[in-house]
Amino acid sequence: MEKVKIIKGRLGTAQSRQKSYSDMRRSVLEFKEDDWLFLKVSPMKGIMRFGKKGKLSLRYVGRYRIIQKIGRVAYRLELPPDISLVHPVFHVSMLKKVVGDPSLIVPVATIEVNEELTYEEILVAILDRQVRS
């Protein structure tokens, strides 16, 4: 029984150490209604969303406004009609606050997303051409 008490004590010490490490890095994210947010589109490594996979894939897209707070960690976003197939409620871990005034951000061309949540890239101009032999 003494060995069991020693093991339980050491496990409790290890758990409290791990909890203190995670508590230091944890930050409470909370947003208000009418805040502007970016949406994370590739939450896990290896999942392909919006066309590319790997280093050059998009991490965050758009500027979306919060319509409603649902519970402590979920938010309903105002999504444009072209991505209306996506469910509009997201966990706080999938959101990143837009820093600065959203009206000053230069709007990019809208991305047309199909039913598989991918898009087709269209070249605008060829900047350079070189022929090698």
# chains A, B, ... in the order shown; residues from 1 in each chain; ligands from 1
>>> residues_around(residues="Arg63 in chain A", least_positions_apart="4", cutoff="8 Å", atoms="only C-alpha atoms", output="mmCIF file with all heavy atoms, in the first residue's frame")
data_model
loop_
_atom_site.group_PDB
_atom_site.id
_atom_site.type_symbol
_atom_site.label_atom_id
_atom_site.label_comp_id
_atom_site.auth_asym_id
_atom_site.auth_seq_id
_atom_site.Cartn_x
_atom_site.Cartn_y
_atom_site.Cartn_z
ATOM 1 N N TRP A 36 -14.697 41.759 -36.331
ATOM 2 C CA TRP A 36 -14.315 41.164 -37.609
ATOM 3 C C TRP A 36 -13.247 40.121 -37.352
ATOM 4 O O TRP A 36 -12.295 40.355 -36.605
ATOM 5 C CB TRP A 36 -13.809 42.241 -38.564
ATOM 6 C CG TRP A 36 -14.901 43.137 -39.030
ATOM 7 C CD1 TRP A 36 -15.335 44.269 -38.432
ATOM 8 C CD2 TRP A 36 -15.720 42.953 -40.176
ATOM 9 N NE1 TRP A 36 -16.371 44.822 -39.127
ATOM 10 C CE2 TRP A 36 -16.632 44.037 -40.215
ATOM 11 C CE3 TRP A 36 -15.773 41.993 -41.178
ATOM 12 C CZ2 TRP A 36 -17.571 44.164 -41.225
ATOM 13 C CZ3 TRP A 36 -16.704 42.140 -42.183
ATOM 14 C CH2 TRP A 36 -17.597 43.212 -42.197
ATOM 15 N N LEU A 37 -13.380 38.939 -38.018
ATOM 16 C CA LEU A 37 -12.485 37.815 -37.769
ATOM 17 C C LEU A 37 -12.027 37.184 -39.066
ATOM 18 O O LEU A 37 -12.697 37.249 -40.089
ATOM 19 C CB LEU A 37 -13.205 36.737 -36.953
ATOM 20 C CG LEU A 37 -13.798 37.153 -35.620
ATOM 21 C CD1 LEU A 37 -14.657 36.039 -35.082
ATOM 22 C CD2 LEU A 37 -12.715 37.493 -34.649
ATOM 23 N N PHE A 38 -10.845 36.551 -38.994
ATOM 24 C CA PHE A 38 -10.383 35.663 -40.056
ATOM 25 C C PHE A 38 -10.802 34.251 -39.671
ATOM 26 O O PHE A 38 -10.866 33.907 -38.492
ATOM 27 C CB PHE A 38 -8.859 35.703 -40.207
ATOM 28 C CG PHE A 38 -8.337 37.001 -40.737
ATOM 29 C CD1 PHE A 38 -7.478 37.768 -39.983
ATOM 30 C CD2 PHE A 38 -8.678 37.442 -41.991
ATOM 31 C CE1 PHE A 38 -6.977 38.958 -40.453
ATOM 32 C CE2 PHE A 38 -8.188 38.631 -42.489
ATOM 33 C CZ PHE A 38 -7.338 39.396 -41.718
ATOM 34 N N LEU A 39 -11.039 33.395 -40.669
ATOM 35 C CA LEU A 39 -11.468 32.025 -40.443
ATOM 36 C C LEU A 39 -10.353 31.074 -40.844
ATOM 37 O O LEU A 39 -9.815 31.174 -41.946
ATOM 38 C CB LEU A 39 -12.728 31.741 -41.248
ATOM 39 C CG LEU A 39 -13.295 30.342 -41.188
ATOM 40 C CD1 LEU A 39 -13.711 30.014 -39.758
ATOM 41 C CD2 LEU A 39 -14.482 30.233 -42.111
ATOM 42 N N VAL A 98 -9.225 40.273 -36.578
ATOM 43 C CA VAL A 98 -8.633 41.204 -37.521
ATOM 44 C C VAL A 98 -8.102 42.389 -36.725
ATOM 45 O O VAL A 98 -8.841 43.013 -35.976
ATOM 46 C CB VAL A 98 -9.679 41.684 -38.553
ATOM 47 C CG1 VAL A 98 -9.111 42.771 -39.433
ATOM 48 C CG2 VAL A 98 -10.173 40.527 -39.386
ATOM 49 N N PRO A 102 -11.128 47.324 -40.441
ATOM 50 C CA PRO A 102 -11.425 46.484 -41.600
ATOM 51 C C PRO A 102 -11.710 47.266 -42.869
ATOM 52 O O PRO A 102 -11.581 46.741 -43.961
ATOM 53 C CB PRO A 102 -12.653 45.681 -41.168
ATOM 54 C CG PRO A 102 -13.084 46.197 -39.871
ATOM 55 C CD PRO A 102 -12.065 47.152 -39.360
#
>>> atom_distance(atom1="CA of Ser93 in chain A", atom2="CA of Leu79 in chain A")
17.6 Å
>>> closest_residue(among="A:Val41, A:Met94, A:Gly12, A:Leu117", to="Ala74 in chain A", atoms="only C-alpha atoms")
A:Met94
>>> closest_residue(among="A:Lys8, A:Lys32, A:Arg59, A:Arg132", to="Arg72 in chain A", atoms="only C-alpha atoms")
A:Lys32
>>> closest_residue(among="A:Val4, A:Gly62, A:Ile83, A:Ile67", to="Asn114 in chain A", atoms="only C-alpha atoms")
A:Ile83
>>> atom_distance(atom1="CA of Asp82 in chain A", atom2="CA of Asp35 in chain A")
21.1 Å
